[in-house]
Amino acid sequence: MRSDDTLIAAFEAGQIDNTEFPHERHVRVAWGLAQRYPRADAFERLASGIRGIAARAGSPGAYHETITRAWFELIASADKLERYPELLEKTLLARYYSAERLAQGRERWLEPDLHPLRLPAPAPTEAKANLFDVLRHVPTAVGVLATKAGATVHATTVSSFASVSRDPALVSVCLDNDSRSLALLREAGAFVVSLLAAEQEAVATHFAQRERPAGTSQFAGIPHHLGSHGPMLDTAAAWIGCDLHALHECGDHHIVIGRVELAEATDRRPLLRHDGAYH
Ligand SMILES: Cc1cc2nc3c(=O)[nH]c(=O)nc-3n(C[C@H](O)[C@H](O)[C@H](O)COP(=O)(O)O)c2cc1C
């Protein structure tokens, strides 16, 4: 940022006095120095500049080693200043130092007594990227949603199955707007979810492959039978058959709400997805 180049050049040249150096500028200068120089060098330049400001203001004793360095450590650890608005709070050091400890640190550097000098985690501005990382940690059931309209059948692996309402009995699945199952399901007005058993990882992988064959041949070699809501996989852990209750477009997916007409479970252990793996 050009304006910070000018500010830092003026600071290093001793051309900024006390009245022109409010907290916000202090933060920008410290961060800018930390970006431009190795850390120890950047701190020396900051400390020497602040000593100069204090001397020019007629109070050389105002320089405080621990406050200057603690602020520097916090500011220098920020990858981008705008992600850490707390750096603009002048009371921030109270999180790390008691008043007594800070009072003893004017002449020499003292480590904090309340908390290590680490900035709190920033607000998740890159929420989209973070969301995938977070969702990996949420275990989900894995099912195969299948539907039949006329003579056409189609099935898709889903991990977005959820219970919605007990009375009436409603469940939901989220389908990508481009999903072929979504297109067929609109026509069919019905679908069935086979919630897979722990041994059916290969089945989950198969129905997630874009290049799998279309129609009935995608079920080749997978034991199944045709139920009233669509093809059901024989060795699944449970089956939920639904009439289509509602469809809501939501971002790049549709929420499919099904009115439950069939619900059957076995004692087979369910297949789960967690942290990018099947369990
Ligand atoms: C574990 C797992 C879970 C998935 N969950 C969903 C889901 O809930 N909704 C969805 O639209 N796609 C989901 N997918 C991706 C689809 O299975 C995949 O894109 C499939 O090829 C879509 O097929 P279709 O377009 O023929 O319906 C999942 C894939 C995997 C491997």
# chains A, B, ... in the order shown; residues from 1 in each chain; ligands from 1

call {"tool": "select_by_dssp", "arguments": {"residues": "segment 12-123 of chain A", "states": "helix (DSSP H, G or I)", "output": "number ranges by chain"}}
result
A: 12, 18-20, 23-36, 39-56, 60-62, 65-76, 81-83, 85-88, 92-95, 99-103

call {"tool": "write_last_selection", "arguments": {"atoms": "C-alpha atoms", "output": "mmCIF file, in the first residue's frame"}}
result
data_model
loop_
_atom_site.group_PDB
_atom_site.id
_atom_site.type_symbol
_atom_site.label_atom_id
_atom_site.label_comp_id
_atom_site.auth_asym_id
_atom_site.auth_seq_id
_atom_site.Cartn_x
_atom_site.Cartn_y
_atom_site.Cartn_z
ATOM 1 C CA GLU A 12 12.086 5.688 9.943
ATOM 2 C CA ASN A 18 3.924 12.239 19.031
ATOM 3 C CA THR A 19 0.718 13.985 17.965
ATOM 4 C CA GLU A 20 0.842 12.292 14.556
ATOM 5 C CA HIS A 23 -2.543 3.824 17.977
ATOM 6 C CA GLU A 24 -3.856 2.985 14.506
ATOM 7 C CA ARG A 25 -0.696 4.370 12.861
ATOM 8 C CA HIS A 26 1.489 2.554 15.369
ATOM 9 C CA VAL A 27 -0.193 -0.707 14.300
ATOM 10 C CA ARG A 28 0.259 0.024 10.580
ATOM 11 C CA VAL A 29 3.911 0.994 11.019
ATOM 12 C CA ALA A 30 4.717 -2.079 13.150
ATOM 13 C CA TRP A 31 2.976 -4.387 10.670
ATOM 14 C CA GLY A 32 4.604 -2.720 7.675
ATOM 15 C CA LEU A 33 8.077 -3.041 9.232
ATOM 16 C CA ALA A 34 7.423 -6.711 10.018
ATOM 17 C CA GLN A 35 6.506 -7.272 6.337
ATOM 18 C CA ARG A 36 9.628 -5.495 5.060
ATOM 19 C CA ARG A 39 11.579 -9.913 12.593
ATOM 20 C CA ALA A 40 14.415 -8.845 14.961
ATOM 21 C CA ASP A 41 15.481 -6.061 12.609
ATOM 22 C CA ALA A 42 11.872 -4.875 12.226
ATOM 23 C CA PHE A 43 11.487 -4.699 16.007
ATOM 24 C CA GLU A 44 14.728 -2.736 16.427
ATOM 25 C CA ARG A 45 13.553 -0.243 13.785
ATOM 26 C CA LEU A 46 10.168 0.095 15.512
ATOM 27 C CA ALA A 47 11.722 0.503 18.983
ATOM 28 C CA SER A 48 14.245 3.043 17.755
ATOM 29 C CA GLY A 49 11.519 5.039 15.968
ATOM 30 C CA ILE A 50 9.311 5.079 19.074
ATOM 31 C CA ARG A 51 12.256 6.087 21.296
ATOM 32 C CA GLY A 52 12.865 8.937 18.858
ATOM 33 C CA ILE A 53 9.229 10.068 19.037
ATOM 34 C CA ALA A 54 9.389 10.013 22.867
ATOM 35 C CA ALA A 55 12.678 11.975 22.873
ATOM 36 C CA ARG A 56 11.353 14.601 20.455
ATOM 37 C CA PRO A 60 12.573 9.999 26.634
ATOM 38 C CA GLY A 61 11.558 7.958 29.697
ATOM 39 C CA ALA A 62 8.134 7.321 28.144
ATOM 40 C CA GLU A 65 10.164 -1.972 26.287
ATOM 41 C CA THR A 66 7.550 -4.607 27.182
ATOM 42 C CA ILE A 67 4.565 -2.706 25.775
ATOM 43 C CA THR A 68 6.425 -1.949 22.547
ATOM 44 C CA ARG A 69 7.593 -5.499 22.045
ATOM 45 C CA ALA A 70 4.330 -7.180 23.105
ATOM 46 C CA TRP A 71 2.401 -5.065 20.604
ATOM 47 C CA PHE A 72 5.005 -5.804 17.957
ATOM 48 C CA GLU A 73 4.794 -9.574 18.532
ATOM 49 C CA LEU A 74 1.011 -9.540 18.207
ATOM 50 C CA ILE A 75 0.961 -7.246 15.182
ATOM 51 C CA ALA A 76 3.769 -9.101 13.390
ATOM 52 C CA LEU A 81 -4.213 -6.563 9.428
ATOM 53 C CA GLU A 82 -7.887 -6.369 8.482
ATOM 54 C CA ARG A 83 -8.472 -9.911 9.758
ATOM 55 C CA PRO A 85 -9.704 -5.802 14.253
ATOM 56 C CA GLU A 86 -8.808 -6.362 17.929
ATOM 57 C CA LEU A 87 -5.359 -4.960 17.134
ATOM 58 C CA LEU A 88 -7.048 -1.564 17.071
ATOM 59 C CA LEU A 92 -5.685 -5.561 24.073
ATOM 60 C CA LEU A 93 -2.552 -6.112 26.196
ATOM 61 C CA ALA A 94 -4.741 -6.539 29.308
ATOM 62 C CA ARG A 95 -5.616 -9.978 27.957
ATOM 63 C CA ALA A 99 -1.199 -4.276 35.320
ATOM 64 C CA GLU A 100 1.445 -5.166 37.942
ATOM 65 C CA ARG A 101 3.492 -7.214 35.494
ATOM 66 C CA LEU A 102 3.354 -4.549 32.830
ATOM 67 C CA ALA A 103 4.456 -1.896 35.328
#

call {"tool": "closest_atom_pairs", "arguments": {"of": "segment 135-188 of chain A", "to": "segment 227-230 of chain A", "cutoff": "9 Å", "atoms": "only C-alpha atoms", "output": "CSV"}}
result
residue,atom,partner,partner_atom,distance
A:Leu145,CA,A:Gly230,CA,8.9
A:Ala146,CA,A:Gly230,CA,5.7
A:Thr147,CA,A:Gly230,CA,4.6
A:Lys148,CA,A:Gly230,CA,5.1
A:Ala149,CA,A:Gly230,CA,8.5
A:Val153,CA,A:Gly230,CA,7.4
A:His154,CA,A:Gly230,CA,8.7
A:Ala188,CA,A:His229,CA,8.6

call {"tool": "residues_near_ligand", "arguments": {"ligand": "ligand 1", "cutoff": "10 Å", "atoms": "only C-alpha atoms and all ligand atoms", "output": "MDAnalysis selection string"}}
result
chainID A and resid 140:146 154:162 172:185 201 203:215 252:255 271:274 276:278

call {"tool": "closest_residue", "arguments": {"among": "A:His245, A:Ala57, A:Ala151, A:Pro38", "to": "Asp17 of chain A", "atoms": "only C-alpha atoms"}}
result
A:Ala57

call {"tool": "closest_residue", "arguments": {"among": "A:Gly221, A:Pro231, A:Pro270, A:Pro168", "to": "Ala198 of chain A", "atoms": "only C-alpha atoms"}}
result
A:Pro270

call {"tool": "residues_around", "arguments": {"residues": "Trp239 of chain A", "least_positions_apart": "3", "cutoff": "7 Å", "atoms": "only C-alpha atoms", "output": "compact mmCIF listing (two decimals) with C-alpha atoms, in the first residue's frame"}}
result
# COMPACT_ATOMS: atom_id res chain seq x y z
CA VAL A 192 -36.10 -44.03 -2.00
CA VAL A 193 -32.92 -43.73 0.02
CA SER A 194 -31.05 -46.95 0.78
CA LEU A 195 -28.90 -46.07 3.81
CA ALA A 263 -39.24 -46.90 6.68
CA GLU A 264 -37.40 -50.14 7.36
CA ALA A 265 -34.20 -50.87 9.21

call {"tool": "closest_residue", "arguments": {"among": "A:Glu199, A:Phe219, A:Gly258, A:Gly189", "to": "His279 of chain A", "atoms": "only C-alpha atoms"}}
result
A:Glu199

call {"tool": "closest_residue", "arguments": {"among": "A:Ala121, A:Val256, A:Leu244, A:Leu262", "to": "Met232 of chain A", "atoms": "only C-alpha atoms"}}
result
A:Leu262

call {"tool": "atom_distance", "arguments": {"atom1": "atom CA of Arg106 of chain A", "atom2": "atom CA of Asp5 of chain A"}}
result
29.5 Å

call {"tool": "atom_distance", "arguments": {"atom1": "atom CA of Ser165 of chain A", "atom2": "atom CA of Asp243 of chain A"}}
result
14.4 Å

call {"tool": "closest_residue", "arguments": {"among": "A:Ala236, A:Ala78, A:Ala220, A:Leu117", "to": "Tyr97 of chain A", "atoms": "only C-alpha atoms"}}
result
A:Leu117

call {"tool": "atom_distance", "arguments": {"atom1": "atom CA of Lys128 of chain A", "atom2": "atom CA of Glu249 of chain A"}}
result
18.9 Å

call {"tool": "select_by_dssp", "arguments": {"residues": "segment 28-151 of chain A", "states": "strand (DSSP E or B)", "output": "VMD selection string"}}
result
chain A and resid 140 to 141 143 to 149
